[in-house]
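K.L.:
Below is final16.cif; it holds mmCIF, C-alpha atoms.
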```cif
data_model
loop_
_atom_site.label_atom_id
_atom_site.label_comp_id
_atom_site.auth_asym_id
_atom_site.auth_seq_id
_atom_site.Cartn_x
_atom_site.Cartn_y
_atom_site.Cartn_z
CA MET A 240 -25.23 -4.21 -8.33
CA ARG A 241 -24.46 -0.51 -8.50
CA ASN A 242 -25.22 1.64 -11.53
CA LYS A 243 -21.72 3.14 -11.51
CA ILE A 244 -18.50 1.36 -10.63
CA VAL A 245 -15.30 3.12 -9.59
CA ILE A 246 -12.19 1.47 -11.02
CA THR A 247 -8.99 1.87 -9.01
CA CYS A 248 -5.60 1.00 -10.50
CA ALA A 249 -2.74 0.09 -8.13
CA VAL A 250 0.21 0.68 -10.39
CA THR A 251 3.30 -0.65 -8.58
CA GLY A 252 2.69 -1.68 -4.96
CA ASN A 253 5.16 -2.83 -2.37
CA LEU A 254 5.62 -6.55 -3.08
CA THR A 255 5.64 -7.00 -6.87
CA THR A 256 9.24 -7.24 -8.09
CA PRO A 257 10.95 -6.38 -11.38
CA ASP A 258 11.86 -10.08 -11.59
CA GLN A 259 8.16 -10.91 -11.90
CA THR A 260 7.48 -8.48 -14.72
CA PRO A 261 9.64 -6.09 -16.77
CA HIS A 262 6.62 -3.78 -17.10
CA LEU A 263 6.59 -2.71 -13.44
CA PRO A 264 6.95 1.09 -13.10
CA ILE A 265 9.89 2.03 -10.90
CA THR A 266 10.92 5.67 -11.26
CA PRO A 267 8.65 8.59 -10.34
CA GLU A 268 8.27 9.36 -14.05
CA GLU A 269 7.27 5.75 -14.82
CA ILE A 270 4.83 5.62 -11.90
CA ALA A 271 3.22 8.90 -12.91
CA GLU A 272 2.93 7.77 -16.54
CA ALA A 273 1.36 4.51 -15.39
CA CYS A 274 -1.23 6.47 -13.38
CA LEU A 275 -2.02 8.74 -16.30
CA GLY A 276 -2.31 5.78 -18.68
CA ALA A 277 -4.62 4.00 -16.26
CA ALA A 278 -6.79 7.12 -16.09
CA GLU A 279 -7.05 7.25 -19.87
CA ALA A 280 -8.14 3.59 -19.85
CA GLY A 281 -10.96 4.29 -17.39
CA ALA A 282 -9.57 4.33 -13.85
CA ALA A 283 -11.04 7.10 -11.71
CA VAL A 284 -8.58 6.39 -8.87
CA THR A 285 -4.92 5.45 -8.87
CA HIS A 286 -3.27 3.89 -5.83
CA ILE A 287 0.34 4.97 -5.41
CA HIS A 288 3.44 3.49 -3.82
CA VAL A 289 6.93 4.73 -4.68
CA ARG A 290 10.24 2.96 -5.21
CA ASP A 291 13.93 3.76 -5.14
CA PRO A 292 14.75 4.49 -8.80
CA ALA A 293 18.26 3.03 -8.42
CA THR A 294 17.28 -0.32 -6.89
CA GLY A 295 13.60 -0.78 -7.68
CA ARG A 296 12.96 -1.56 -4.01
CA PRO A 297 10.02 -0.04 -2.11
CA SER A 298 10.66 3.41 -0.67
CA MET A 299 8.90 5.88 1.62
CA ALA A 300 10.91 8.92 0.54
CA LEU A 301 8.76 12.04 0.49
CA GLU A 302 10.68 13.44 -2.48
CA TYR A 303 9.55 10.53 -4.67
CA TYR A 304 5.91 10.98 -3.64
CA GLN A 305 6.18 14.71 -4.35
CA ASP A 306 7.66 14.02 -7.77
CA VAL A 307 4.93 11.54 -8.73
CA VAL A 308 2.09 13.78 -7.56
CA ALA A 309 3.51 16.86 -9.29
CA ARG A 310 3.87 14.99 -12.59
CA ILE A 311 0.29 13.70 -12.43
CA ARG A 312 -1.26 17.01 -11.39
CA ALA A 313 0.59 18.87 -14.15
CA ARG A 314 -1.46 16.90 -16.70
CA ASN A 315 -4.55 15.67 -14.88
CA ARG A 316 -6.29 17.59 -12.07
CA LYS A 317 -9.36 15.33 -11.98
CA LEU A 318 -7.83 11.93 -11.29
CA ILE A 319 -8.33 10.82 -7.66
CA LEU A 320 -5.03 10.04 -5.94
CA ASN A 321 -4.94 7.32 -3.29
CA ILE A 322 -1.56 7.11 -1.57
CA THR A 323 -0.41 4.20 0.57
CA THR A 324 0.48 4.30 4.26
CA GLY A 325 1.12 0.55 4.44
CA PRO A 326 4.95 0.49 4.52
CA GLY A 327 6.54 0.67 7.94
CA GLY A 328 4.57 -2.06 9.68
CA ARG A 329 6.55 -5.24 8.96
CA PHE A 330 8.47 -7.17 11.62
CA VAL A 331 10.94 -9.97 10.97
CA PRO A 332 11.98 -11.79 14.18
CA SER A 333 15.57 -12.84 14.71
CA GLU A 334 16.03 -16.61 14.76
CA ASP A 335 18.05 -16.51 17.98
CA ASP A 336 15.92 -13.98 19.83
CA PRO A 337 12.43 -13.37 18.39
CA LYS A 338 12.01 -10.07 20.22
CA VAL A 339 14.98 -8.69 18.27
CA ALA A 340 14.31 -7.42 14.77
CA ALA A 341 16.10 -9.09 11.88
CA ALA A 342 16.87 -7.81 8.39
CA GLY A 343 13.71 -6.92 6.52
CA THR A 344 12.00 -5.28 9.50
CA THR A 345 10.47 -1.92 8.52
CA LEU A 346 8.69 -0.91 11.75
CA LEU A 347 8.39 2.85 12.11
CA ALA A 348 6.60 5.23 14.46
CA PRO A 349 2.98 5.67 13.30
CA GLU A 350 3.45 9.39 12.62
CA LYS A 351 6.44 8.64 10.39
CA ARG A 352 4.29 6.31 8.28
CA VAL A 353 1.87 9.13 7.45
CA GLU A 354 4.14 12.18 7.25
CA HIS A 355 3.85 12.18 3.44
CA ILE A 356 0.06 12.29 3.80
CA ALA A 357 0.26 15.38 6.00
CA ALA A 358 2.61 16.98 3.46
CA LEU A 359 0.79 16.10 0.25
CA LYS A 360 -2.87 15.90 1.37
CA PRO A 361 -4.02 13.50 -1.36
CA ASP A 362 -7.71 12.76 -1.94
CA ILE A 363 -7.48 9.34 -0.25
CA CYS A 364 -4.88 7.34 1.64
CA THR A 365 -5.00 3.74 2.76
CA LEU A 366 -5.18 2.77 6.43
CA ASP A 367 -4.32 -0.87 7.08
CA LEU A 368 -6.02 -2.49 10.08
CA ASN A 369 -4.32 -5.89 9.82
CA THR A 370 -2.00 -7.52 12.30
CA MET A 371 -1.23 -10.88 10.71
CA ASN A 372 1.29 -13.42 9.46
CA SER A 373 2.64 -12.46 6.06
CA GLY A 374 4.80 -15.22 4.65
CA GLY A 375 7.38 -15.93 7.36
CA GLN A 376 7.06 -12.40 8.73
CA VAL A 377 4.47 -10.40 10.67
CA VAL A 378 2.63 -7.22 9.81
CA ILE A 379 1.80 -5.21 12.94
CA ASN A 380 -0.91 -2.54 13.09
CA THR A 381 -1.99 -2.30 16.73
CA PRO A 382 -5.22 -0.42 17.52
CA GLY A 383 -3.24 2.29 19.29
CA ASN A 384 -0.89 2.83 16.35
CA VAL A 385 -3.79 2.81 13.89
CA ARG A 386 -5.50 5.54 15.92
CA ARG A 387 -2.31 7.63 15.89
CA MET A 388 -2.10 7.32 12.11
CA ALA A 389 -5.81 8.08 11.75
CA LYS A 390 -5.36 11.29 13.76
CA VAL A 391 -2.74 12.62 11.33
CA ILE A 392 -4.88 11.58 8.36
CA ARG A 393 -7.96 13.27 9.82
CA GLU A 394 -6.09 16.50 10.60
CA ALA A 395 -4.78 16.57 7.01
CA GLY A 396 -8.36 16.44 5.71
CA VAL A 397 -7.72 13.19 3.83
CA LYS A 398 -10.27 10.39 3.40
CA PRO A 399 -8.93 7.03 4.63
CA GLU A 400 -9.58 3.88 2.63
CA ILE A 401 -9.77 1.15 5.27
CA GLU A 402 -7.84 -1.98 4.24
CA LEU A 403 -9.35 -5.19 5.64
CA PHE A 404 -7.48 -8.48 5.52
CA ASP A 405 -9.72 -10.57 7.83
CA SER A 406 -12.95 -10.31 9.80
CA GLY A 407 -11.25 -9.06 12.96
CA ASP A 408 -10.13 -6.00 11.02
CA ILE A 409 -13.79 -5.15 10.40
CA ALA A 410 -14.45 -5.36 14.14
CA LEU A 411 -11.65 -2.83 14.66
CA MET A 412 -13.16 -0.62 11.96
CA HIS A 413 -16.43 -0.51 13.91
CA ASP A 414 -14.52 0.53 17.06
CA LEU A 415 -12.67 3.28 15.19
CA LEU A 416 -15.98 4.68 13.96
CA LYS A 417 -17.50 4.51 17.44
CA ASP A 418 -14.71 6.48 19.09
CA GLY A 419 -14.38 9.01 16.27
CA SER A 420 -10.93 7.96 15.07
CA ILE A 421 -12.48 7.72 11.60
CA SER A 422 -15.80 9.03 10.37
CA GLY A 423 -18.36 7.65 7.97
CA PRO A 424 -19.55 7.09 5.41
CA SER A 425 -16.41 5.02 4.91
CA ILE A 426 -14.46 3.57 2.01
CA ALA A 427 -13.11 0.06 2.55
CA SER A 428 -11.26 -2.62 0.62
CA PHE A 429 -11.21 -6.35 1.24
CA VAL A 430 -7.77 -7.78 0.45
CA LEU A 431 -8.26 -11.37 -0.71
CA GLY A 432 -5.57 -13.90 -1.48
CA VAL A 433 -2.91 -13.15 1.13
CA LYS A 434 -2.11 -16.64 2.41
CA TYR A 435 -3.08 -16.15 6.06
CA GLY A 436 -5.95 -13.73 5.55
CA PHE A 437 -9.25 -13.57 3.63
CA GLN A 438 -9.28 -16.12 0.81
CA PRO A 439 -10.80 -15.27 -2.59
CA SER A 440 -14.28 -16.74 -2.97
CA PRO A 441 -17.85 -15.49 -3.41
CA GLU A 442 -18.62 -16.67 0.12
CA THR A 443 -15.80 -14.54 1.58
CA VAL A 444 -16.99 -11.43 -0.25
CA ILE A 445 -20.60 -11.77 0.88
CA TYR A 446 -19.58 -12.59 4.46
CA ALA A 447 -17.23 -9.61 4.68
CA ARG A 448 -19.67 -7.24 2.98
CA ASP A 449 -22.39 -8.09 5.49
CA LEU A 450 -20.09 -7.22 8.42
CA LEU A 451 -19.39 -3.69 7.18
CA PRO A 452 -20.75 -0.56 8.85
CA PRO A 453 -23.82 0.90 7.08
CA GLU A 454 -23.24 3.03 3.96
CA THR A 455 -19.65 1.80 3.49
CA GLU A 456 -18.46 1.81 -0.12
CA PHE A 457 -16.27 -1.23 -0.70
CA THR A 458 -13.91 -2.70 -3.25
CA VAL A 459 -12.66 -6.28 -3.44
CA ILE A 460 -8.93 -6.64 -4.14
CA GLY A 461 -7.96 -10.00 -5.59
CA THR A 462 -4.25 -10.81 -5.50
CA GLY A 463 -2.42 -12.98 -8.02
CA ARG A 464 -4.64 -15.20 -10.13
CA SER A 465 -7.77 -13.95 -8.34
CA CYS A 466 -7.29 -10.37 -9.57
CA PHE A 467 -9.84 -10.39 -12.39
CA PRO A 468 -12.29 -12.94 -10.92
CA MET A 469 -12.58 -10.67 -7.90
CA VAL A 470 -13.31 -7.68 -10.13
CA ALA A 471 -16.42 -9.51 -11.27
CA GLN A 472 -17.28 -10.76 -7.78
CA SER A 473 -16.98 -7.29 -6.31
CA VAL A 474 -19.34 -5.84 -8.89
CA LEU A 475 -21.85 -8.65 -8.39
CA ALA A 476 -21.81 -8.05 -4.63
CA GLY A 477 -22.44 -4.32 -4.97
CA GLY A 478 -18.86 -3.12 -4.73
CA HIS A 479 -16.32 -1.35 -6.91
CA ALA A 480 -13.32 -2.70 -8.86
CA ARG A 481 -9.54 -2.66 -8.57
CA THR A 482 -6.71 -3.99 -10.67
CA GLY A 483 -3.08 -3.13 -11.47
CA LEU A 484 0.44 -4.52 -11.28
CA GLU A 485 0.42 -4.31 -7.48
CA ASP A 486 -2.25 -7.01 -7.42
CA GLY A 487 -1.24 -9.29 -10.29
CA VAL A 488 1.10 -9.35 -13.26
CA TYR A 489 -0.82 -11.51 -15.76
CA LEU A 490 -3.47 -10.32 -18.19
CA GLU A 491 -4.48 -13.92 -18.80
CA ARG A 492 -2.93 -17.32 -18.17
CA GLY A 493 0.74 -17.18 -19.22
CA VAL A 494 0.47 -13.65 -20.68
CA LEU A 495 2.12 -10.81 -18.76
CA ALA A 496 0.14 -7.59 -18.68
CA PRO A 497 2.05 -5.10 -20.86
CA SER A 498 0.89 -2.15 -18.73
CA ASN A 499 -1.40 -1.03 -15.97
CA ALA A 500 -3.60 0.54 -18.63
CA ALA A 501 -4.11 -2.90 -20.22
CA MET A 502 -5.25 -4.26 -16.87
CA VAL A 503 -7.73 -1.40 -16.47
CA GLU A 504 -9.04 -2.03 -19.98
CA LYS A 505 -9.72 -5.67 -19.10
CA ALA A 506 -11.37 -4.74 -15.79
CA ARG A 507 -13.50 -2.23 -17.67
CA ARG A 508 -14.61 -4.88 -20.14
CA ILE A 509 -15.62 -7.17 -17.27
CA VAL A 510 -17.60 -4.40 -15.60
CA GLU A 511 -19.34 -3.33 -18.79
CA GLU A 512 -20.13 -6.90 -19.80
CA LEU A 513 -21.99 -7.18 -16.50
CA GLY A 514 -24.15 -4.28 -17.61
CA VAL A 515 -22.66 -1.61 -15.36
CA GLN A 516 -21.06 1.71 -16.30
CA ILE A 517 -17.71 2.94 -15.00
CA ALA A 518 -17.65 6.16 -12.99
CA THR A 519 -15.77 9.25 -14.08
CA PRO A 520 -13.48 10.89 -11.53
CA GLY A 521 -16.19 13.48 -10.87
CA GLU A 522 -18.80 10.79 -10.26
CA ALA A 523 -16.34 8.85 -8.09
CA ARG A 524 -15.86 11.95 -5.93
CA GLU A 525 -19.59 12.05 -5.29
CA ILE A 526 -19.77 8.31 -4.56
CA PHE A 527 -16.83 8.45 -2.12
CA HIS A 528 -17.89 11.77 -0.54
CA LEU A 529 -14.74 13.60 -1.62
CA PRO A 530 -14.29 17.30 -2.43
CA SER A 531 -15.32 18.14 -5.96
CA ALA A 532 -11.79 19.17 -6.97
CA ALA A 533 -8.29 17.98 -6.12
CA ALA A 534 -6.53 19.87 -3.33
#
```
I'd like the structure from this file rewritten - as structure tokens, please.
P.N.:
Amino acid sequence: MRNKIVITCAVTGNLTTPDQTPHLPITPEEIAEACLGAAEAGAAVTHIHVRDPATGRPSMALEYYQDVVARIRARNRKLILNITTGPGGRFVPSEDDPKVAAAGTTLLAPEKRVEHIAALKPDICTLDLNTMNSGGQVVINTPGNVRRMAKVIREAGVKPEIELFDSGDIALMHDLLKDGSISGPSIASFVLGVKYGFQPSPETVIYARDLLPPETEFTVIGTGRSCFPMVAQSVLAGGHARTGLEDGVYLERGVLAPSNAAMVEKARRIVEELGVQIATPGEAREIFHLPSAAA
């Protein structure tokens, strides 16, 4: 186990719905407040998606990202901001002609998916390597498109967090490092609990960890009921911790988490009960090889 654990809080995500929990932050103000509350509870990193304030549905609007970042930076310059680039890769085939996109398809040009990263230059942004079934739909991240996104991220001076949903994604990660599309030492996350990807178990974590490139810092993300068990498993395997309303909505069986901060507090208790300290944002910057101050 590490001496210092970085806690990341994913405050709203792309798939959690207001029907699942009334505590989900929706507006830029609510998302920013959730990030700031998570930081006060012990998170060194907050992972940010944005939503349409009128509908609560996921959005990619630059103005919402700008609003969230400005609100956070006005009150906290130390918190590490990790902004998503995941939206824009979903394909829903038409029933009559599967090569024709149906409602729900979000496919966008790779450069469009990262234009907010070029504009905002956060500390970290995610880079999904998965092409996989997701429910009855498909998420598509071809190697060529991933490389195009990585180029924009690299030119913006942003550190990518590589999102890994299955072992083949790790093979692609090795190729991206070999050809210089990304550079090490890397940050990676294993996403466990998506039905057709990595499943949450100690065996999965150890298997995936041992496939990683040398010196990679990793975090295990447990979705749904595996959220907090995977916090413990990640720490035991030498990784970092993540929680938040993107990953799960319950604090314990049958009890909705009242806030992202409450989820961070529980993750912190788990980490500290295992005898490990949580990292400050400054320490997390050193661990993740980030600049010492926010851009």
K.L.:
For Glu394 of chain A, which of A:Val250, A:Ile421, A:Ile409, A:Val515 is the closest residue, counting all atoms listed in the file?
P.N.:
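Among A:Val250, A:Ile421, A:Ile409, A:Val515, it is A:Ile421 that comes nearest to Glu394 of chain A.
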K.L.:
Grab the atom CA of Glu522 of chain A to atom CA of Pro361 of chain A distance for me, in Å with one decimal place.
P.N.:
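Atom CA of Glu522 of chain A sits 17.5 Å away from atom CA of Pro361 of chain A.
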K.L.:
Pull out every residue that the PyMOL selection byres ((chain A and resi 284) around 9) matches in the shown coordinates and put them as a list of chain:residue names.
P.N.:
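When the PyMOL selection byres ((chain A and resi 284) around 9) is applied, the selected residues are A:Val245, A:Ile246, A:Thr247, A:Cys248, A:Ala249, A:Cys274, A:Ala277, A:Ala278, A:Ala282, A:Ala283, A:Thr285, A:His286, A:Leu318, A:Ile319, A:Leu320, A:Asn321, A:Pro520, A:Ala523.
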K.L.:
Work out how far atom CA of Arg290 of chain A is from atom CA of Pro497 of chain A, in Å to one decimal.
P.N.:
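Atom CA of Pro497 of chain A sits 19.4 Å away from atom CA of Arg290 of chain A.
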K.L.:
Using all atoms listed in the file, determine which residues lie at most 8 Å from Leu431 of chain A, disregarding the query and same-chain residues fewer than 6 positions distant; provide the list as a PDB file with C-alpha atoms, in the frame of the given file.
P.N.:
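Saved as out_6.pdb:
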```pdb
ATOM      1  CA  PHE A 404      -7.480  -8.480   5.520  1.00  0.00           C
ATOM      2  CA  PHE A 437      -9.250 -13.570   3.630  1.00  0.00           C
ATOM      3  CA  GLN A 438      -9.280 -16.120   0.810  1.00  0.00           C
ATOM      4  CA  PRO A 439     -10.800 -15.270  -2.590  1.00  0.00           C
ATOM      5  CA  VAL A 459     -12.660  -6.280  -3.440  1.00  0.00           C
ATOM      6  CA  ILE A 460      -8.930  -6.640  -4.140  1.00  0.00           C
ATOM      7  CA  GLY A 461      -7.960 -10.000  -5.590  1.00  0.00           C
ATOM      8  CA  THR A 462      -4.250 -10.810  -5.500  1.00  0.00           C
TER       9      THR A 462
END
```
K.L.:
Using all atoms listed in the file for the distances, tell me which of A:Ala280, A:Leu347, A:Ile265, A:Ile363 is nearest to Ala500 of chain A.
P.N.:
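Checking each of A:Ala280, A:Leu347, A:Ile265, A:Ile363 against Ala500 of chain A, counting all atoms listed in the file, the winner is A:Ala280.
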K.L.:
With all atoms listed in the file as the counted atoms, please give the residues lying no more than 10 Å from Met502 of chain A, apart from itself and same-chain residues fewer than 6 positions off, as an NGL selection string.
P.N.:
:A and (248 or 250 or 277 or 280 or 466-467 or 481-484 or 487-491 or 496 or 508)
K.L.:
Run the PyMOL selection byres ((chain A and resi 473) around 12) mentally over the shown coordinates, then write out the matched residues as a PyMOL selection string, using the chain letters and numbers from the document.
P.N.:
chain A and resi 240-241+244-246+428-431+439-445+447-448+456-461+465-472+474-482+506+509-510+513
K.L.:
Would you mind exporting C-alpha atoms of the selected residues as a CSV table (one decimal), in the frame of the given file?
P.N.:
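Generated output (out-v8.csv):
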```csv
chain,number,residue,atom,x,y,z
A,240,MET,CA,-25.2,-4.2,-8.3
A,241,ARG,CA,-24.5,-0.5,-8.5
A,244,ILE,CA,-18.5,1.4,-10.6
A,245,VAL,CA,-15.3,3.1,-9.6
A,246,ILE,CA,-12.2,1.5,-11.0
A,428,SER,CA,-11.3,-2.6,0.6
A,429,PHE,CA,-11.2,-6.4,1.2
A,430,VAL,CA,-7.8,-7.8,0.4
A,431,LEU,CA,-8.3,-11.4,-0.7
A,439,PRO,CA,-10.8,-15.3,-2.6
A,440,SER,CA,-14.3,-16.7,-3.0
A,441,PRO,CA,-17.8,-15.5,-3.4
A,442,GLU,CA,-18.6,-16.7,0.1
A,443,THR,CA,-15.8,-14.5,1.6
A,444,VAL,CA,-17.0,-11.4,-0.2
A,445,ILE,CA,-20.6,-11.8,0.9
A,447,ALA,CA,-17.2,-9.6,4.7
A,448,ARG,CA,-19.7,-7.2,3.0
A,456,GLU,CA,-18.5,1.8,-0.1
A,457,PHE,CA,-16.3,-1.2,-0.7
A,458,THR,CA,-13.9,-2.7,-3.2
A,459,VAL,CA,-12.7,-6.3,-3.4
A,460,ILE,CA,-8.9,-6.6,-4.1
A,461,GLY,CA,-8.0,-10.0,-5.6
A,465,SER,CA,-7.8,-14.0,-8.3
A,466,CYS,CA,-7.3,-10.4,-9.6
A,467,PHE,CA,-9.8,-10.4,-12.4
A,468,PRO,CA,-12.3,-12.9,-10.9
A,469,MET,CA,-12.6,-10.7,-7.9
A,470,VAL,CA,-13.3,-7.7,-10.1
A,471,ALA,CA,-16.4,-9.5,-11.3
A,472,GLN,CA,-17.3,-10.8,-7.8
A,474,VAL,CA,-19.3,-5.8,-8.9
A,475,LEU,CA,-21.8,-8.6,-8.4
A,476,ALA,CA,-21.8,-8.0,-4.6
A,477,GLY,CA,-22.4,-4.3,-5.0
A,478,GLY,CA,-18.9,-3.1,-4.7
A,479,HIS,CA,-16.3,-1.4,-6.9
A,480,ALA,CA,-13.3,-2.7,-8.9
A,481,ARG,CA,-9.5,-2.7,-8.6
A,482,THR,CA,-6.7,-4.0,-10.7
A,506,ALA,CA,-11.4,-4.7,-15.8
A,509,ILE,CA,-15.6,-7.2,-17.3
A,510,VAL,CA,-17.6,-4.4,-15.6
A,513,LEU,CA,-22.0,-7.2,-16.5
```
K.L.:
Would you mind reading off the distance between atom CA of Arg329 of chain A and atom CA of Gly383 of chain A, one decimal, in Å?
P.N.:
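So the answer is 16.1 Å.
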K.L.:
Env of Ala358 of chain A: 10 Å cut, atoms = all atoms listed in the file, seq-sep filter 3 positions within chain, self excluded. Answer as a list in words.
P.N.:
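Neighbouring residues, sequence-local ones excluded: Leu301, Tyr304, Gln305, Val353, Glu354, His355, Pro361 and Ala395 of chain A.
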K.L.:
Under the rule that all atoms listed in the file are counted, which of A:Val339, A:Leu450, A:Ile356, A:Leu263 is the nearest residue to Ala300 of chain A?
P.N.:
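Checking each candidate against Ala300 of chain A, we get A:Ile356 as the closest.
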K.L.:
Which residues are near Val331 of chain A? Cut-off 6 Å, only C-alpha atoms, ignore same chain within fewer than 6 positions. Put them as a PyMOL selection string.
P.N.:
chain A and resi 340-341+344+376
